[in-house]
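Heads up, the thing below is written out as structure tokens.
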Number of protein chains: 2
Amino acid sequence: MLKKKIFTPGPTQVHPDVLKATISSDTYHRSPAFKAFHGELNAKLKHIFQTDQNLNILTTSGTGSLETAVINFCNSSENVLFINQGRFGARWGGICKAYNINAVELPIEYGKVADVSDLESVNLANISAVLLTHTETSTASLTDIKKLTEYIKSKSDALVIVDAVTSVGAIEFRFDDWNLDVAVSASQKGLMTQPGIAIIAYSEKARAKMESNNMPRYFFDLRKEYKSVKEDGVTMWTPAVGLFYGVDKACDIILSEGLENKWKRTHEMAEYFRNESLKNGFGLFSTTPSDSLTAITLPDNIPTGKLIKAMKDNYGVQMANGQAEMKEKIARISHMGDLEMDDFVELNKLLVTEFKKLQS
Amino acid sequence: MLKKKIFTPGPTQVHPDVLKATISSDTYHRSPAFKAFHGELNAKLKHIFQTDQNLNILTTSGTGSLETAVINFCNSSENVLFINQGRFGARWGGICKAYNINAVELPIEYGKVADVSDLESVNLANISAVLLTHTETSTASLTDIKKLTEYIKSKSDALVIVDAVTSVGAIEFRFDDWNLDVAVSASQKGLMTQPGIAIIAYSEKARAKMESNNMPRYFFDLRKEYKSVKEDGVTMWTPAVGLFYGVDKACDIILSEGLENKWKRTHEMAEYFRNESLKNGFGLFSTTPSDSLTAITLPDNIPTGKLIKAMKDNYGVQMANGQAEMKEKIARISHMGDLEMDDFVELNKLLVTEFKKLQS
């Protein structure tokens with residue numbers, strides 16, 4: 001019997017110890033004790049982002065952290081580039097539009113991702129920031145951030161800004177080694193905590209730009225956050241204290257397994273699930289699947305909503321449908337969160353059972 | 001012996017059932033079950049705000065909700081008025097400045113609040129929004145919002161926008177009856193939940209303005225929130241699910257006591273504490289104290305930090321110092337949260353003991 005039920009790609013299955021930690025402390029957030037805790041949490045998150053540069057923790061959702069990246073590191077007097085290869089890639093463009101930032105769109109068919117040859121059509125010398133998406137959650141696709149960044153940096157001084165929401169803590173991600181400038185993530189994905197906080201890492205080069213960047217902002221003004229943490233040891237605004245303790249416990253769990261071991265295990269679960277899915281007659285929506293989640297398709301135009309509903313009604317298992325126009329075309333299953341190989345062995349059996357019922 | 005320890009004016013003492021509720025559910029936030037829950041929570045919060053108009057729940061801190069109010073309901077082509085009678089009144093001005101909104105400042109000595117006669121010096125006909133603070137947390141002062149709003153509306157069409165962060169759920173607050181246009185609050189004050197979510201109520205008049213208001217915004221764009229809740233039954237962005245369940249439980253606790261009973265009880269605790277404080281030789285910083293919290297002063301220039309530290313070190317009791325220039329001049333004690341009269345009887349005894357030690 002399947003004990004773990006949450007296979008949605010955010011919120012993900014939360015470890016019971018993380019839940020306990022979330023309500024474990026009522027330390028006042030301006031107290032010396034909380035400031036010491038905040039410093040330790042910051043260091044753990046830097047390790048998980050694989051960076052020695054700057055990192056702040058924000059009380060917001062993943063989208064709030066995308067906006068934070070745009071308004072601190074991009075400017076309406078410049079051109080930026082975004083890659084529309086899914087709903088979250090497109091969101092970069094939506095945020096830029098809201099702030100009147102000229103965002104050049106590179107459209108890629110959903111299910112595929114941009115590679116270096118796609119970037120060759122763009123005059124990068126005119127671009128001040130490139131907005132990328134590591135795992136595109138809407139299509140379950142992985143972009144080779146390392147390779148794209150190498151190419152971008154060989155052609156321009158543009159900042160490389162990465163949506164790593166559905167990556168950090170679950171799959172290989174190396175902020176410093178990949179020479180990134182900004183990356184954002186959130187608590188309810190690879191960090192397997194409840195939703196409500198987001199994390200942003202940024203290079204020294206990015207920080208220099210943000211100090212003089214004159215875009216309007218207040219709550220999301222990273223200059224205030226940077227200064228507050230540096231001088232006062234704690235966030236500028238009242239933090240979601242409980243979730244900070246939750247993420248801290250999740251970091252401990254990840255780091256005690258070992259970050260690279262965790263990445264490897266996510267890969268093994270994802271690869272197993274993809275192979276079994278193909279054997280069982282499902283298709284894969286993405287041509288370059290991410291290990292963070294899998295998007296399966298069904299044959300014969302069977303709406304995926306039927307399979308998702310059957311799994312929920314019969315076993316209490318939560319999976320996600322596609323978003324917008326992909327709603328009935330895919331079902332998305334997370335490999336992030338507090339999940340193990342056995343959970344996927346069991347999940348597969350149930351999926352096969354329900355799939356057969358739908359075909360009969 | 002004092003069982004409850006949290007007397008900081010946010011985060012406040014959280015009821016144990018609220019903590020349990022915070023980690024009680026892993027319902028997917030796009031599921032029909034969560035949407036039904038969200039609708040019920042929204043209705044409870046409308047009751048607590050005393051409004052039949054519009055209300056949204058945001059994953060952010062109190063400051064994020066202040067910014068949401070400014071950028072949705074004010075405009076850089078207009079003049080607004082803010083009253084600088086404490087740190088939070090001043091924050092309205094800071095947010096306006098960040099967005100290049102011309103904010104006329106009405107300065108009031110800290111510890112006092114603006115009354116109608118102070119507004120008479122302002123040409124309200126030129127003002128499109130007045131930004132008020134119900135309980136000014138930094139000075140523990142209460143502004144008579146009802147009276148100011150009556151006056152403002154008699155002189156202009158300005159929107160009345162109220163920071164009710166340190167009010168809603170604890171002390172009398174009537175959005176519709178007082179004819180307010182916008183009010184914001186947060187989870188960690190009168191709603192006695194962990195910090196991380198904020199609530200914004202707005203009138204139909206305000207909503208009409210926000211639809212065409214062209215200030216830049218994305219995560220805090222209430223047009224998106226309004227549409228998402230109306231059409232899809234849930235928040236636009238991934239909500240801090242756990243805190244939503246926490247606030248829901250807190251609403252149940254407040255509503256089962258009865259909202260007016262809760263206000264009355266907060267008043268009784270505050271009045272008792274103020275009277276005892278004066279008897280014991282403390283002073284009150286505010287000339288118009290709020291029932292949400294009390295700011296006491298010490299005689300003979302004794303720094304309040306010494307009293308706060310003694311209470312923490314000897315009894316584990318958490319109180320708050322003043323902010324910035326008021327740091328050592330006041331100690332702030334909450335009457336919000338899961339507290340009862342007995343807690344203040346006990347607290348007083350401990351305060352007297354420690355105060356005597358400091359005087360000897």
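Following the order of the structure tokens, first chain is A, next is B, and so on, with residues numbered from 1 inside each chain and ligands from 1 in the order they appear.
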Problem - Residues flagged strand (DSSP E) by DSSP in region 250-307 of chain A, as a PyMOL selection string - result: chain A and resi 283-284+293-297
Exercise for the section: Using DSSP on the backbone coordinates, identify the residues of region 136-253 of chain A assigned to helix (DSSP H, G or I); present them as a PyMOL selection string. Expected result: chain A and resi 145-155+204-212+222-232+241-253
Go ahead and save the picked residues with C-alpha atoms, as a CSV table (one decimal), in the first residue's frame.
chain,number,residue,atom,x,y,z
A,145,ILE,CA,21.9,25.9,-18.1
A,146,LYS,CA,25.7,25.3,-17.9
A,147,LYS,CA,26.1,25.1,-21.7
A,148,LEU,CA,23.8,28.1,-22.4
A,149,THR,CA,25.6,30.2,-19.8
A,150,GLU,CA,29.0,29.4,-21.3
A,151,TYR,CA,27.7,30.5,-24.7
A,152,ILE,CA,26.0,33.7,-23.4
A,153,LYS,CA,29.1,34.8,-21.5
A,154,SER,CA,31.3,34.2,-24.5
A,155,LYS,CA,29.1,36.6,-26.5
A,204,GLU,CA,28.8,39.9,-6.8
A,205,LYS,CA,28.5,41.2,-10.4
A,206,ALA,CA,24.7,41.1,-10.0
A,207,ARG,CA,24.9,42.8,-6.6
A,208,ALA,CA,26.9,45.7,-8.1
A,209,LYS,CA,24.2,46.2,-10.7
A,210,MET,CA,21.3,46.1,-8.2
A,211,GLU,CA,22.7,48.8,-6.0
A,212,SER,CA,22.2,51.4,-8.7
A,222,LEU,CA,17.1,43.3,-2.3
A,223,ARG,CA,19.3,46.2,-1.3
A,224,LYS,CA,17.2,46.4,1.9
A,225,GLU,CA,17.5,42.6,2.4
A,226,TYR,CA,21.2,42.5,1.8
A,227,LYS,CA,21.8,45.4,4.2
A,228,SER,CA,19.5,44.0,6.9
A,229,VAL,CA,21.1,40.6,6.9
A,230,LYS,CA,24.6,42.1,6.8
A,231,GLU,CA,24.1,44.6,9.5
A,232,ASP,CA,21.3,43.2,11.6
A,241,VAL,CA,9.3,32.0,11.0
A,242,GLY,CA,7.7,28.6,11.0
A,243,LEU,CA,8.7,27.9,7.4
A,244,PHE,CA,12.2,29.0,8.0
A,245,TYR,CA,12.5,26.3,10.7
A,246,GLY,CA,10.9,23.8,8.2
A,247,VAL,CA,13.3,24.6,5.5
A,248,ASP,CA,16.2,24.3,8.0
A,249,LYS,CA,15.1,20.8,8.9
A,250,ALA,CA,14.8,19.9,5.2
A,251,CYS,CA,18.3,21.2,4.6
A,252,ASP,CA,19.6,19.0,7.4
A,253,ILE,CA,17.8,15.9,5.9
Handout entry: All residues 7 Å or closer to Leu19 (chain B), only C-alpha atoms, same chain fewer than 3 positions away omitted, as number ranges by chain
Key = A: 23; B: 14-16, 22, 246
Take the residues from that selection and write them out as a PDB file, in the first residue's frame, keeping N, CA and C atoms.
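Final file, again09.pdb:
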ATOM      1  N   ILE A  23       6.448  23.933  13.343  1.00  0.00           N
ATOM      2  CA  ILE A  23       5.716  24.500  14.489  1.00  0.00           C
ATOM      3  C   ILE A  23       6.490  24.314  15.792  1.00  0.00           C
TER       4      ILE A  23
ATOM      5  N   VAL B  14       0.630  31.959  19.655  1.00  0.00           N
ATOM      6  CA  VAL B  14      -0.232  31.170  18.767  1.00  0.00           C
ATOM      7  C   VAL B  14      -0.936  30.086  19.583  1.00  0.00           C
ATOM      8  N   HIS B  15      -2.226  29.933  19.369  1.00  0.00           N
ATOM      9  CA  HIS B  15      -2.995  28.888  20.050  1.00  0.00           C
ATOM     10  C   HIS B  15      -2.484  27.514  19.591  1.00  0.00           C
ATOM     11  N   PRO B  16      -2.345  26.547  20.498  1.00  0.00           N
ATOM     12  CA  PRO B  16      -1.836  25.224  20.095  1.00  0.00           C
ATOM     13  C   PRO B  16      -2.670  24.566  18.990  1.00  0.00           C
ATOM     14  N   THR B  22      -1.908  24.149  11.246  1.00  0.00           N
ATOM     15  CA  THR B  22      -0.920  24.606  10.259  1.00  0.00           C
ATOM     16  C   THR B  22      -0.267  23.435   9.515  1.00  0.00           C
ATOM     17  N   GLY B 246      -3.883  27.432   9.305  1.00  0.00           N
ATOM     18  CA  GLY B 246      -3.692  28.019  10.628  1.00  0.00           C
ATOM     19  C   GLY B 246      -4.633  29.185  10.868  1.00  0.00           C
TER      20      GLY B 246
END
Exercise for the section: Would you give me, as a list in words, the residues of chain B that come within 6 Å of chain A, using only C-alpha atoms? Expected result: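 Here they are: Thr59, Thr60, Gly64, Ala98, Tyr99, Pro195, Gly196, Pro216, Phe219 and Ala240 of chain B.
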Practice task
Would you kindly return, as a ChimeraX atom specification, each protein, DNA or RNA residue with an atom no farther than 12 Å from any atom of Lys264 (chain A), considering only C-alpha atoms and excluding same-chain residues fewer than 4 positions away?
Solution key: /A:169-173,257-260,268-271,291-292,335-336,340-341
Problem - Contact residues around Leu106 (chain B) with only C-alpha atoms at 7 Å, ignoring same-chain residues under 5 positions, as a VMD selection string - result: chain B and resid 82 to 84
Write the residues of the selection above to a file with N, CA, C and O atoms, as a short mmCIF file (atom, residue, chain, number, x, y, z; two decimals), in the first residue's frame.
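Listing of out26.cif after writing:
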data_model
loop_
_atom_site.label_atom_id
_atom_site.label_comp_id
_atom_site.auth_asym_id
_atom_site.auth_seq_id
_atom_site.Cartn_x
_atom_site.Cartn_y
_atom_site.Cartn_z
N PHE B 82 -0.01 61.00 3.91
CA PHE B 82 0.25 60.01 4.97
C PHE B 82 0.59 60.75 6.26
O PHE B 82 1.04 61.89 6.24
N ILE B 83 0.33 60.07 7.36
CA ILE B 83 0.52 60.69 8.68
C ILE B 83 1.70 60.01 9.35
O ILE B 83 1.66 58.81 9.65
N ASN B 84 2.76 60.76 9.56
CA ASN B 84 3.96 60.19 10.18
C ASN B 84 3.87 60.38 11.69
O ASN B 84 4.33 61.35 12.24
#
Handout entry: Atom-to-atom span, CA of Asn54 (chain B) and CA of Ile200 (chain B), Å
Key =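 CA of Ile200 (chain B) lies 8.2 Å from CA of Asn54 (chain B).
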Problem - Near-Leu131 (chain A) list (9 Å; only C-alpha atoms; drop same-chain fewer than 5 positions) as a list in words - result: Val70, Val80, Leu81, Phe82, Ile83, Gly89, Trp92, Gly93, Leu159, Val160, Ile161, Val162 and Asp163 of chain A
Practice task
Tell me, as a PyMOL selection string, which residues lie within 8 Å of region 342-351 of chain B, counting only C-alpha atoms; anything in the same chain fewer than 4 positions away does not count.
Solution key: chain B and resi 1-4+269+273+276-277+307+311+355
Handout entry: Length of the CA of Thr288 (chain B) to CA of Gly111 (chain B) vector [Å]
Key =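 So the two atoms, CA of Thr288 (chain B) and CA of Gly111 (chain B), lie 7.7 Å apart.
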